[in-house]
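Text of the file final.cif, holding mmCIF, C-alpha atoms:
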data_query
#
loop_
_atom_site.label_atom_id
_atom_site.label_comp_id
_atom_site.auth_asym_id
_atom_site.auth_seq_id
_atom_site.Cartn_x
_atom_site.Cartn_y
_atom_site.Cartn_z
CA MET A 1 0.00 0.00 0.00
CA LYS A 2 1.34 3.40 -0.98
CA ILE A 3 0.17 6.24 1.26
CA ILE A 4 0.36 9.73 -0.15
CA LYS A 5 -0.03 12.48 2.44
CA MET A 6 -1.59 15.38 0.57
CA PHE A 7 -1.21 18.24 3.06
CA PRO A 8 2.59 18.56 2.82
CA LEU A 9 2.25 18.59 -0.96
CA VAL A 10 -0.75 20.88 -1.51
CA GLY A 11 -1.45 22.75 1.75
CA ASN A 12 -4.88 23.14 3.31
CA PHE A 13 -6.61 24.20 0.08
CA ALA A 14 -5.91 21.82 -2.80
CA GLU A 15 -6.27 23.97 -5.90
CA ASN A 16 -3.00 23.81 -7.81
CA LYS A 17 -3.63 21.52 -10.78
CA ASP A 18 0.05 21.34 -11.65
CA LEU A 19 0.69 19.73 -8.27
CA ALA A 20 -2.25 17.38 -8.80
CA ARG A 21 -0.84 16.26 -12.13
CA ASP A 22 2.62 15.77 -10.59
CA ILE A 23 1.19 13.62 -7.81
CA ARG A 24 -0.74 11.53 -10.33
CA ILE A 25 2.14 11.04 -12.74
CA LYS A 26 5.01 10.69 -10.29
CA GLN A 27 3.36 8.87 -7.42
CA ILE A 28 -0.05 7.35 -8.16
CA ILE A 29 0.49 5.88 -11.62
CA PRO A 30 3.85 4.21 -10.79
CA ALA A 31 2.27 2.61 -7.71
CA LEU A 32 -0.77 1.38 -9.66
CA GLU A 33 1.49 -0.02 -12.35
CA LYS A 34 3.26 -2.02 -9.63
CA LYS A 35 -0.19 -3.33 -8.60
CA GLN A 36 0.01 -1.45 -5.31
CA GLU A 37 -3.05 -0.01 -3.62
CA VAL A 38 -2.91 3.76 -3.08
CA THR A 39 -4.28 5.82 -0.21
CA LEU A 40 -4.65 9.55 -0.72
CA ASP A 41 -4.62 10.94 2.81
CA PHE A 42 -6.24 14.38 2.94
CA LYS A 43 -5.61 14.95 6.65
CA GLY A 44 -5.10 18.70 7.14
CA VAL A 45 -6.57 19.59 3.75
CA ASP A 46 -9.84 21.46 4.31
CA SER A 47 -11.01 21.85 0.77
CA ALA A 48 -10.21 21.29 -2.89
CA THR A 49 -11.38 22.51 -6.26
CA GLN A 50 -13.03 20.32 -8.86
CA SER A 51 -10.16 21.23 -11.21
CA PHE A 52 -7.62 19.89 -8.73
CA VAL A 53 -9.45 16.61 -8.16
CA HIS A 54 -10.06 16.24 -11.90
CA ALA A 55 -6.34 16.66 -12.62
CA LEU A 56 -5.57 14.20 -9.82
CA ILE A 57 -7.86 11.28 -10.68
CA SER A 58 -9.81 11.67 -13.94
CA ASP A 59 -7.05 10.25 -16.09
CA LEU A 60 -6.69 7.26 -13.78
CA ILE A 61 -10.33 6.33 -14.38
CA ARG A 62 -9.87 6.84 -18.11
CA LYS A 63 -6.62 4.83 -18.29
CA PHE A 64 -7.29 2.05 -15.81
CA GLY A 65 -11.09 1.94 -16.00
CA SER A 66 -13.48 2.42 -13.10
CA GLU A 67 -11.95 -0.69 -11.45
CA VAL A 68 -9.13 1.62 -10.37
CA LEU A 69 -11.52 2.90 -7.70
CA ASP A 70 -11.14 -0.48 -5.96
CA THR A 71 -7.44 0.22 -5.49
CA ILE A 72 -7.48 3.92 -4.57
CA PHE A 73 -8.66 4.99 -1.14
CA PHE A 74 -9.54 8.53 -0.06
CA LYS A 75 -8.74 9.01 3.61
CA ASN A 76 -9.53 11.80 6.10
CA CYS A 77 -11.60 13.76 3.59
CA SER A 78 -13.67 16.75 4.67
CA GLU A 79 -17.30 16.85 3.50
CA THR A 80 -16.30 19.29 0.76
CA ILE A 81 -13.52 17.07 -0.52
CA LYS A 82 -15.81 14.01 -0.41
CA GLU A 83 -18.40 15.85 -2.50
CA ILE A 84 -15.85 16.97 -5.07
CA VAL A 85 -14.28 13.52 -5.34
CA ASN A 86 -17.78 12.08 -5.84
CA ILE A 87 -18.58 14.60 -8.57
CA VAL A 88 -15.42 13.77 -10.53
CA VAL A 89 -15.76 10.00 -9.99
CA GLU A 90 -19.39 10.08 -11.12
CA TYR A 91 -19.00 12.20 -14.25
CA MET A 92 -15.91 10.31 -15.34
CA GLN A 93 -17.80 7.01 -15.09
CA GLU A 94 -20.77 8.49 -16.94
CA THR A 95 -18.51 9.53 -19.78
CA GLU A 96 -16.70 6.23 -20.15
CA MET B 1 -9.91 53.94 -25.12
CA LYS B 2 -12.07 55.86 -22.71
CA ILE B 3 -13.60 54.58 -19.52
CA HIS B 4 -15.79 56.57 -17.17
CA LEU B 5 -16.17 55.72 -13.50
CA PRO B 6 -19.81 56.50 -12.87
CA ASN B 7 -21.75 57.47 -9.81
CA SER B 8 -22.79 53.85 -9.34
CA ALA B 9 -21.90 50.63 -11.16
CA PHE B 10 -22.61 47.32 -9.50
CA LEU B 11 -23.54 44.08 -11.19
CA GLY B 12 -27.24 44.87 -11.06
CA ASN B 13 -26.84 48.19 -12.88
CA ILE B 14 -23.54 47.70 -14.70
CA ASP B 15 -24.90 47.71 -18.26
CA PRO B 16 -24.72 51.50 -18.83
CA PHE B 17 -21.11 51.50 -17.56
CA LEU B 18 -20.16 48.75 -20.01
CA ARG B 19 -22.03 50.43 -22.86
CA ALA B 20 -20.19 53.71 -22.20
CA PHE B 21 -16.75 52.09 -22.53
CA ASP B 22 -15.04 53.36 -25.66
CA SER B 23 -12.67 50.71 -26.98
CA SER B 24 -11.36 52.75 -29.92
CA ASN B 25 -7.67 53.86 -29.95
CA PRO B 26 -6.36 50.82 -28.04
CA ASN B 27 -2.97 52.46 -27.45
CA GLU B 28 -4.39 55.21 -25.24
CA LEU B 29 -6.49 55.19 -22.10
CA LYS B 30 -8.45 58.12 -20.75
CA ILE B 31 -10.07 57.67 -17.34
CA THR B 32 -12.81 60.05 -16.30
CA ALA B 33 -15.10 59.92 -13.29
CA ASN B 34 -18.29 61.26 -11.83
CA LYS B 35 -17.56 64.60 -10.14
CA LYS B 36 -19.63 64.00 -7.02
CA TRP B 37 -19.52 60.39 -5.99
CA ILE B 38 -17.95 57.17 -7.29
CA SER B 39 -19.34 53.91 -5.99
CA VAL B 40 -18.34 50.96 -8.13
CA HIS B 41 -18.07 47.19 -8.03
CA PRO B 42 -14.49 45.82 -7.81
CA VAL B 43 -14.95 44.44 -11.32
CA VAL B 44 -14.93 48.04 -12.58
CA LEU B 45 -11.53 48.65 -10.99
CA SER B 46 -10.19 45.35 -12.33
CA MET B 47 -11.28 46.40 -15.82
CA VAL B 48 -9.65 49.84 -15.55
CA ALA B 49 -6.44 48.28 -14.21
CA ALA B 50 -6.39 45.62 -16.95
CA LEU B 51 -6.80 48.30 -19.62
CA GLY B 52 -4.06 50.37 -18.00
CA LEU B 53 -1.62 47.47 -18.19
CA ALA B 54 -2.31 47.05 -21.87
CA VAL B 55 -1.14 50.58 -22.76
CA SER B 56 2.06 52.49 -22.14
CA LYS B 57 2.01 54.47 -18.85
CA SER B 58 2.67 57.68 -20.73
CA ASN B 59 -0.53 57.14 -22.69
CA ILE B 60 -2.76 56.93 -19.61
CA GLN B 61 -4.59 60.12 -18.84
CA VAL B 62 -6.59 60.44 -15.63
CA GLU B 63 -8.96 63.34 -15.26
CA LYS B 64 -8.58 65.16 -11.93
CA LEU B 65 -10.87 63.37 -9.52
CA GLU B 66 -13.21 65.53 -7.50
CA ALA B 67 -15.63 63.00 -6.05
CA THR B 68 -15.56 62.81 -2.28
CA SER B 69 -15.30 59.03 -2.48
CA LYS B 70 -12.10 59.17 -4.57
CA HIS B 71 -10.12 57.78 -1.60
CA TYR B 72 -11.61 54.40 -2.39
CA LEU B 73 -9.70 54.25 -5.67
CA GLU B 74 -6.46 55.14 -3.90
CA ARG B 75 -7.09 52.61 -1.14
CA MET B 76 -7.71 49.89 -3.73
CA ASN B 77 -4.26 50.73 -5.15
CA LEU B 78 -5.62 51.61 -8.57
CA PHE B 79 -3.27 54.53 -9.22
CA LYS B 80 -0.21 52.81 -7.79
CA PHE B 81 -1.04 49.81 -9.94
CA LEU B 82 -1.27 51.98 -13.05
CA GLY B 83 1.96 53.74 -12.11
CA ILE B 84 0.20 57.08 -11.80
CA LYS B 85 0.80 59.59 -9.03
CA SER B 86 -2.35 60.80 -7.35
CA ASP B 87 -2.74 63.65 -4.92
CA ILE B 88 -5.17 61.66 -2.82
CA LYS B 89 -4.00 61.20 0.76
CA ILE B 90 -5.33 58.49 3.01
CA THR B 91 -5.13 59.31 6.69
CA GLU B 92 -3.82 56.57 8.93
CA HIS B 93 -6.84 56.48 11.21
CA GLU B 94 -9.07 55.60 8.27
CA ALA B 95 -10.46 52.11 8.70
CA ALA B 96 -8.55 49.52 6.73
CA GLY B 97 -11.74 47.71 5.78
CA ARG B 98 -11.95 44.27 4.33
CA PHE B 99 -10.71 44.30 0.79
CA ILE B 100 -8.19 42.93 -1.65
CA PRO B 101 -6.56 45.78 -3.55
CA VAL B 102 -6.01 45.60 -7.29
CA THR B 103 -3.67 42.65 -7.79
CA GLN B 104 -2.03 41.07 -10.81
CA ILE B 105 -1.51 37.31 -10.97
CA THR B 106 0.41 35.82 -13.86
CA SER B 107 1.36 32.30 -12.76
CA SER B 108 0.08 29.24 -10.96
CA GLN B 109 2.63 29.74 -8.15
CA GLU B 110 1.58 33.36 -7.66
CA LEU B 111 -2.04 32.24 -7.47
CA THR B 112 -1.34 29.62 -4.78
CA LYS B 113 0.55 32.22 -2.71
CA PHE B 114 -2.19 34.79 -3.24
CA ILE B 115 -4.98 32.44 -2.15
CA THR B 116 -3.14 31.80 1.12
CA GLU B 117 -2.65 35.49 1.78
CA MET B 118 -6.06 36.79 0.69
CA ILE B 119 -8.26 35.08 3.28
CA PRO B 120 -6.92 37.07 6.28
CA LEU B 121 -7.47 40.30 4.31
CA LEU B 122 -11.19 39.60 4.08
CA HIS B 123 -11.56 38.45 7.73
CA LEU B 124 -13.87 35.64 6.69
CA ASP B 125 -15.62 33.14 8.92
CA PRO B 126 -14.54 29.56 8.13
CA LYS B 127 -17.99 28.93 6.61
CA HIS B 128 -17.40 31.64 4.01
CA VAL B 129 -13.79 30.82 3.19
CA ASP B 130 -14.52 27.83 0.94
CA PRO B 131 -16.71 29.45 -1.73
CA ILE B 132 -14.63 32.63 -1.90
CA ARG B 133 -11.26 30.97 -2.38
CA TYR B 134 -12.86 28.41 -4.69
CA ILE B 135 -14.18 31.17 -6.97
CA VAL B 136 -10.94 33.14 -7.00
CA SER B 137 -8.81 30.06 -7.64
CA GLU B 138 -10.93 28.73 -10.51
CA LEU B 139 -11.38 32.12 -12.21
CA VAL B 140 -7.72 33.09 -12.05
CA ARG B 141 -6.62 29.62 -13.15
CA ASN B 142 -8.92 29.95 -16.19
CA VAL B 143 -7.07 33.13 -17.14
CA ILE B 144 -3.62 31.61 -16.62
CA GLU B 145 -4.47 28.49 -18.64
CA HIS B 146 -6.69 29.74 -21.42
CA ALA B 147 -6.60 33.53 -21.84
CA GLN B 148 -3.08 33.86 -23.28
CA SER B 149 -2.98 37.27 -21.66
CA LYS B 150 0.41 38.95 -21.50
CA HIS B 151 -0.59 40.51 -18.21
CA GLY B 152 -2.35 37.59 -16.54
CA ALA B 153 -5.40 38.14 -14.34
CA ILE B 154 -6.22 41.42 -12.62
CA LEU B 155 -8.47 41.11 -9.63
CA CYS B 156 -9.76 42.90 -6.60
CA ALA B 157 -12.47 42.31 -4.03
CA GLN B 158 -14.31 44.23 -1.37
CA TYR B 159 -16.53 43.40 1.57
CA TYR B 160 -19.69 45.54 1.83
CA LYS B 161 -20.94 45.74 5.36
CA LYS B 162 -24.43 47.03 4.57
CA SER B 163 -25.30 44.10 2.33
CA ASN B 164 -22.89 41.69 4.08
CA THR B 165 -21.56 40.75 0.67
CA ILE B 166 -18.15 40.08 -0.84
CA ARG B 167 -17.86 41.41 -4.37
CA ILE B 168 -15.11 40.09 -6.61
CA GLY B 169 -13.97 41.27 -10.03
CA ILE B 170 -11.46 39.60 -12.36
CA ALA B 171 -10.43 40.92 -15.76
CA ASP B 172 -7.94 39.94 -18.42
CA THR B 173 -6.99 41.30 -21.81
CA GLY B 174 -6.35 37.94 -23.44
CA VAL B 175 -7.95 36.19 -26.40
CA GLY B 176 -11.47 36.03 -25.00
CA ILE B 177 -13.92 33.15 -24.54
CA LYS B 178 -14.93 32.92 -28.22
CA GLU B 179 -11.42 32.04 -29.36
CA THR B 180 -10.81 29.49 -26.60
CA ILE B 181 -14.18 27.75 -26.98
CA ASN B 182 -13.87 27.60 -30.77
CA ARG B 183 -10.72 25.48 -30.47
CA ALA B 184 -13.05 22.54 -29.87
CA HIS B 185 -16.61 23.75 -30.50
CA ASN B 186 -18.53 25.87 -32.93
CA ALA B 187 -19.56 29.17 -31.39
CA PRO B 188 -20.25 31.74 -34.12
CA THR B 189 -20.78 34.67 -31.74
CA ASN B 190 -19.30 35.84 -28.44
CA LEU B 191 -22.62 35.16 -26.72
CA ASP B 192 -22.71 31.61 -28.14
CA ALA B 193 -19.22 31.12 -26.72
CA ILE B 194 -20.19 32.43 -23.26
CA HIS B 195 -23.28 30.20 -23.39
CA LEU B 196 -21.15 27.11 -24.06
CA ALA B 197 -18.46 28.08 -21.53
CA LEU B 198 -21.09 28.18 -18.77
CA MET B 199 -22.39 24.69 -19.56
CA PRO B 200 -20.97 21.85 -17.44
CA GLY B 201 -18.48 19.63 -19.22
CA ILE B 202 -17.80 21.98 -22.15
CA THR B 203 -14.15 22.98 -22.53
CA GLY B 204 -12.21 24.58 -25.33
CA THR B 205 -9.52 21.94 -24.95
CA THR B 206 -11.49 18.98 -26.37
CA ARG B 207 -14.91 17.89 -27.63
CA ARG B 208 -14.56 14.71 -25.62
CA GLU B 209 -17.08 14.20 -22.81
CA GLY B 210 -15.22 14.30 -19.49
CA GLY B 211 -12.60 16.68 -20.87
CA THR B 212 -8.89 16.08 -20.98
CA GLU B 213 -6.72 14.81 -18.13
CA TYR B 214 -6.23 18.47 -17.16
CA ASN B 215 -9.52 20.21 -18.01
CA ALA B 216 -13.11 19.19 -17.44
CA GLY B 217 -14.90 22.35 -18.50
CA ALA B 218 -16.70 22.73 -15.21
CA GLY B 219 -15.13 25.84 -13.66
CA LEU B 220 -17.54 28.55 -14.80
CA PHE B 221 -20.58 26.31 -14.27
CA PHE B 222 -19.50 25.75 -10.66
CA ILE B 223 -19.02 29.47 -10.07
CA LYS B 224 -22.34 30.41 -11.65
CA SER B 225 -23.96 27.70 -9.51
CA ILE B 226 -22.34 29.00 -6.31
CA ALA B 227 -23.74 32.46 -7.09
CA GLN B 228 -27.11 31.00 -7.98
CA VAL B 229 -27.47 28.87 -4.86
CA ASN B 230 -26.67 31.95 -2.80
CA ARG B 231 -29.06 33.97 -5.01
CA ASP B 232 -26.36 36.42 -6.04
CA PHE B 233 -25.29 38.22 -9.20
CA PHE B 234 -22.73 36.75 -11.57
CA MET B 235 -21.55 38.39 -14.80
CA VAL B 236 -19.35 37.37 -17.72
CA TYR B 237 -18.34 39.91 -20.37
CA SER B 238 -16.18 38.90 -23.32
CA GLY B 239 -15.87 40.32 -26.81
CA ASP B 240 -19.10 42.18 -27.52
CA ALA B 241 -21.30 39.98 -25.34
CA MET B 242 -22.36 40.01 -21.73
CA TYR B 243 -24.25 37.40 -19.70
CA LYS B 244 -25.59 38.22 -16.27
CA LEU B 245 -27.17 35.82 -13.81
CA LEU B 246 -29.80 37.87 -12.02
CA LYS B 247 -30.55 37.72 -8.34
CA SER B 248 -33.41 35.44 -7.44
CA THR B 249 -35.63 35.90 -4.44
CA SER B 250 -35.73 33.37 -1.65
CA LYS B 251 -39.37 32.70 -2.53
CA GLN B 252 -38.39 31.29 -5.90
CA HIS B 253 -37.75 27.56 -5.90
CA LEU B 254 -34.07 26.93 -6.47
CA ILE B 255 -33.26 24.88 -9.55
CA LEU B 256 -29.76 24.64 -10.98
CA HIS B 257 -29.83 24.59 -14.76
CA ALA B 258 -27.01 23.29 -16.91
CA ASP B 259 -28.11 25.73 -19.60
CA PRO B 260 -27.39 29.28 -18.34
CA PHE B 261 -30.10 30.68 -20.61
CA LYS B 262 -32.69 28.77 -18.56
CA ASP B 263 -31.62 30.66 -15.44
CA ARG B 264 -33.07 34.05 -14.60
CA HIS B 265 -30.63 36.16 -16.56
CA SER B 266 -30.00 39.03 -18.91
CA ALA B 267 -27.72 38.73 -21.90
CA GLY B 268 -26.80 40.97 -24.76
CA GLU B 269 -24.54 41.51 -27.72
CA ASN B 270 -23.26 44.68 -29.37
CA PHE B 271 -21.53 45.84 -26.19
CA PRO B 272 -18.25 47.72 -26.76
CA PHE B 273 -15.66 45.09 -27.64
CA TRP B 274 -13.66 43.83 -24.66
CA LYS B 275 -10.59 42.00 -25.87
CA GLY B 276 -10.41 39.35 -23.20
CA THR B 277 -12.77 38.35 -20.44
CA VAL B 278 -14.27 40.03 -17.40
CA VAL B 279 -16.03 38.19 -14.58
CA GLY B 280 -17.84 39.77 -11.65
CA VAL B 281 -19.48 37.90 -8.83
CA ASP B 282 -21.23 38.79 -5.58
CA ILE B 283 -21.33 36.41 -2.65
CA SER B 284 -23.79 37.29 0.06
CA LEU B 285 -22.46 36.07 3.39
CA ASP B 286 -25.96 35.96 4.91
CA ALA B 287 -27.17 33.43 2.38
CA THR B 288 -24.07 31.28 2.08
CA LYS B 289 -25.07 27.66 2.33
CA GLU B 290 -22.73 25.02 3.66
CA PHE B 291 -20.34 24.47 0.78
CA SER B 292 -20.81 20.69 0.81
CA VAL B 293 -24.62 21.12 0.52
CA LEU B 294 -24.10 23.40 -2.42
CA LEU B 295 -21.73 20.92 -4.05
CA ASP B 296 -24.30 18.17 -3.67
CA LEU B 297 -26.77 20.26 -5.69
CA ILE B 298 -24.12 20.94 -8.32
CA ARG B 299 -23.28 17.22 -8.54
CA LYS B 300 -26.88 16.26 -9.25
CA THR B 301 -27.25 18.80 -12.06
CA TYR B 302 -23.85 17.98 -13.50
CA ILE B 303 -24.41 14.24 -13.65
CA GLN B 304 -27.91 14.61 -15.06
CA THR B 305 -26.54 16.85 -17.83
CA VAL B 306 -23.75 14.43 -18.73
CA ARG B 307 -26.30 11.58 -18.87
CA GLU B 308 -28.64 13.57 -21.09
CA ARG B 309 -25.83 14.50 -23.47
CA LYS B 310 -24.69 10.88 -23.56
CA LYS B 311 -28.24 9.78 -24.36
CA GLU B 312 -28.43 12.30 -27.21
CA ARG B 313 -25.50 10.53 -28.83
CA TYR B 314 -27.06 7.05 -28.58
CA ARG B 315 -27.48 5.33 -31.87
CA ARG B 316 -31.12 4.60 -32.58
CA ALA B 317 -32.57 1.32 -33.73
CA ARG B 318 -33.69 1.44 -37.31
CA PHE B 319 -37.01 -0.22 -37.89
CA ILE B 320 -37.66 -1.08 -41.51
#

Translate the structure described by the file into structure tokens.
Amino acid sequence: MKIIKMFPLVGNFAENKDLARDIRIKQIIPALEKKQEVTLDFKGVDSATQSFVHALISDLIRKFGSEVLDTIFFKNCSETIKEIVNIVVEYMQETE
Amino acid sequence: MKIHLPNSAFLGNIDPFLRAFDSSNPNELKITANKKWISVHPVVLSMVAALGLAVSKSNIQVEKLEATSKHYLERMNLFKFLGIKSDIKITEHEAAGRFIPVTQITSSQELTKFITEMIPLLHLDPKHVDPIRYIVSELVRNVIEHAQSKHGAILCAQYYKKSNTIRIGIADTGVGIKETINRAHNAPTNLDAIHLALMPGITGTTRREGGTEYNAGAGLFFIKSIAQVNRDFFMVYSGDAMYKLLKSTSKQHLILHADPFKDRHSAGENFPFWKGTVVGVDISLDATKEFSVLLDLIRKTYIQTVRERKKERYRRARFI
């Protein structure tokens, strides 16, 4: 299991899409390719934008299929972050 | 170019101000103002500042300001930003207020730093922090990514005690919404382009449903929805077109529409041409719903829209 602590990377408001893309490309995808499970730990992150979450996970759903959601876990999410993750997860599955 | 700071220009009554903007002679800027009183939305200052950046300092002419409220322009750093000396003095005992002075943001790193620093300036309750920083982040990021503006995004914001509202204005002098949307869609007019840009899941980066790995085409829809849920004004002006979400009363049943033209709105073409994009938004702090509740409403509308669009593309059985 790879655990990625988001707060040290993005601060308490996750809005920088460049950082989201870096995390996806440099940390999440290599772990998934090694068949590792990934936990995105949002402890300390209060909120996020839809753009950030889209840049973080949309391409994973597109590349690996919706099954990828069985191997990625979202931990310590605020209600706002949960809602935004759900929005992105839902519309990406609708568009597949 | 000529721009006149009127007696009053807020989102509800901004149309005459926009119509009076003279976009001819793009290498010169003449700023005039009402002689008695100037009370304007921050979006007006963002527009003036954005125009000022697009011309040489020596070609900016500011008429001597006489209005008693001229201190506001000084306090919002408009003259300093334009590199113009003003004779307006602000006394130290004057209340600092809750505002973000005219600010230029040209990169993603600057935006992240700005977002961190802006919240204390507005003295917001935690409940109000989420929508405000969300709006600023998404709007400025749109400019940085799509506008191709040499000068980035110009923004300012102000808290209004009487209405308990934060008003935000962001302007750029980039390529405008029509050019960016037409990279992937067909929008013959500026208003068509604004219409598409406000629809969920429509981005100028691809025609593909769900967007690219980097863009989903949801930013402006989210912001319009935040304003709508809080029953506030929201305005987009680009090229010769302007769309304005009008305030709704609390008695009206709240429905989020994917199509902005189904919302209570005003829209028009043949405005003076603004090369770039201007967005103004009001957020009433009295009406602010819990952000997660608001997002739940947005999610339902968003998903329903994606489903309907998907269904429209279904192949039909052919019965012969």

Practice problem: Give me, please, the distance in Å between atom CA of Val45 of chain A and atom CA of Met6 of chain A, quoted to one decimal. | Solution: 7.3 Å

Quiz prompt | 8 Å contact set for Asn7 of chain B, all atoms listed in the file, chain neighbours under 3 positions out, as a list in words | solution =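 Residues meeting the cut-off are Ala33, Asn34, Lys36, Trp37, Ile38, Ser39 and Val40 of chain B.
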
Give me, as CSV, each residue of chain B that comes within 8 Å of chain A, together with its shortest interatomic pair and the distance in Å at one decimal, counting all atoms listed in the file, with rows ordered by chain and rising residue number.
residue,atom,partner,partner_atom,distance
B:Ser108,CA,A:Asn16,CA,7.0
B:Thr112,CA,A:Asn16,CA,6.8
B:Asp130,CA,A:Ser47,CA,6.9
B:Tyr134,CA,A:Thr49,CA,6.3
B:Ser137,CA,A:Glu15,CA,6.8
B:Glu138,CA,A:Thr49,CA,7.5
B:Glu209,CA,A:Thr95,CA,5.7
B:Gly210,CA,A:Met92,CA,5.8
B:Thr212,CA,A:Asp59,CA,7.8
B:Glu213,CA,A:Asp59,CA,5.0
B:Tyr214,CA,A:Ala55,CA,4.9
B:Asn215,CA,A:Ser51,CA,6.9
B:Ala216,CA,A:His54,CA,7.0
B:Ala218,CA,A:Gln50,CA,7.7
B:Gly219,CA,A:Ser51,CA,7.2
B:Phe291,CA,A:Thr80,CA,6.6
B:Ser292,CA,A:Thr80,CA,4.7
B:Leu295,CA,A:Glu83,CA,6.3
B:Asp296,CA,A:Glu83,CA,6.4
B:Arg299,CA,A:Ile87,CA,5.4
B:Tyr302,CA,A:Tyr91,CA,7.6
B:Ile303,CA,A:Tyr91,CA,5.8
B:Val306,CA,A:Glu94,CA,6.9
B:Arg307,CA,A:Glu94,CA,6.6
B:Lys310,CA,A:Thr95,CA,7.4

Practice problem: Could you please determine the separation between atom CA of Thr173 of chain B and atom CA of Gln148 of chain B in Å, to one decimal place? | Solution: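 Spanning atom CA of Thr173 of chain B to atom CA of Gln148 of chain B is a straight-line distance of 8.5 Å.
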
So that I can check the surroundings of Lys2 of chain A, please list as a compact mmCIF listing (two decimals) with C-alpha atoms, in the frame of the given file every protein, DNA and RNA residue that reaches within 10 Å of it, counting all atoms listed in the file and ignoring chain neighbours fewer than 4 positions away.
# COMPACT_ATOMS: atom_id res chain seq x y z
CA GLN A 27 3.36 8.87 -7.42
CA ILE A 28 -0.05 7.35 -8.16
CA ALA A 31 2.27 2.61 -7.71
CA LEU A 32 -0.77 1.38 -9.66
CA GLN A 36 0.01 -1.45 -5.31
CA GLU A 37 -3.05 -0.01 -3.62
CA VAL A 38 -2.91 3.76 -3.08
CA THR A 39 -4.28 5.82 -0.21
CA LEU A 40 -4.65 9.55 -0.72
CA ILE A 72 -7.48 3.92 -4.57

Exercise. Please measure the separation of atom CA of Leu53 of chain B and atom CA of Glu145 of chain B, giving the value in Å to one decimal.
Key: 19.2 Å

Exercise. Show which residues sit within 9 Å of Leu220 of chain B, as an MDAnalysis selection string. Count only C-alpha atoms, and ignore same-chain residues fewer than 5 positions away.
Key: chainID B and resid 135 138:139 142 197:200 225

Residues returned when the PyMOL selection byres ((chain B and resi 161-170) around 6) runs on this file, as a tab-separated table (two decimals) with C-alpha atoms, keeping the file's coordinate frame:
chain	number	residue	atom	x	y	z
B	42	PRO	CA	-14.49	45.82	-7.81
B	43	VAL	CA	-14.95	44.44	-11.32
B	46	SER	CA	-10.19	45.35	-12.33
B	154	ILE	CA	-6.22	41.42	-12.62
B	155	LEU	CA	-8.47	41.11	-9.63
B	156	CYS	CA	-9.76	42.90	-6.60
B	157	ALA	CA	-12.47	42.31	-4.03
B	158	GLN	CA	-14.31	44.23	-1.37
B	159	TYR	CA	-16.53	43.40	1.57
B	160	TYR	CA	-19.69	45.54	1.83
B	171	ALA	CA	-10.43	40.92	-15.76
B	278	VAL	CA	-14.27	40.03	-17.40
B	279	VAL	CA	-16.03	38.19	-14.58
B	280	GLY	CA	-17.84	39.77	-11.65
B	281	VAL	CA	-19.48	37.90	-8.83
B	282	ASP	CA	-21.23	38.79	-5.58
B	283	ILE	CA	-21.33	36.41	-2.65
B	284	SER	CA	-23.79	37.29	0.06
B	285	LEU	CA	-22.46	36.07	3.39

Quiz item: If you apply the PyMOL selection byres ((chain B and resi 6) around 12) to this file, what residues do you get, as a PyMOL selection string?
Solution: chain B and resi 3-5+7-10+13-21+31-41+44-45+65+67+69-70
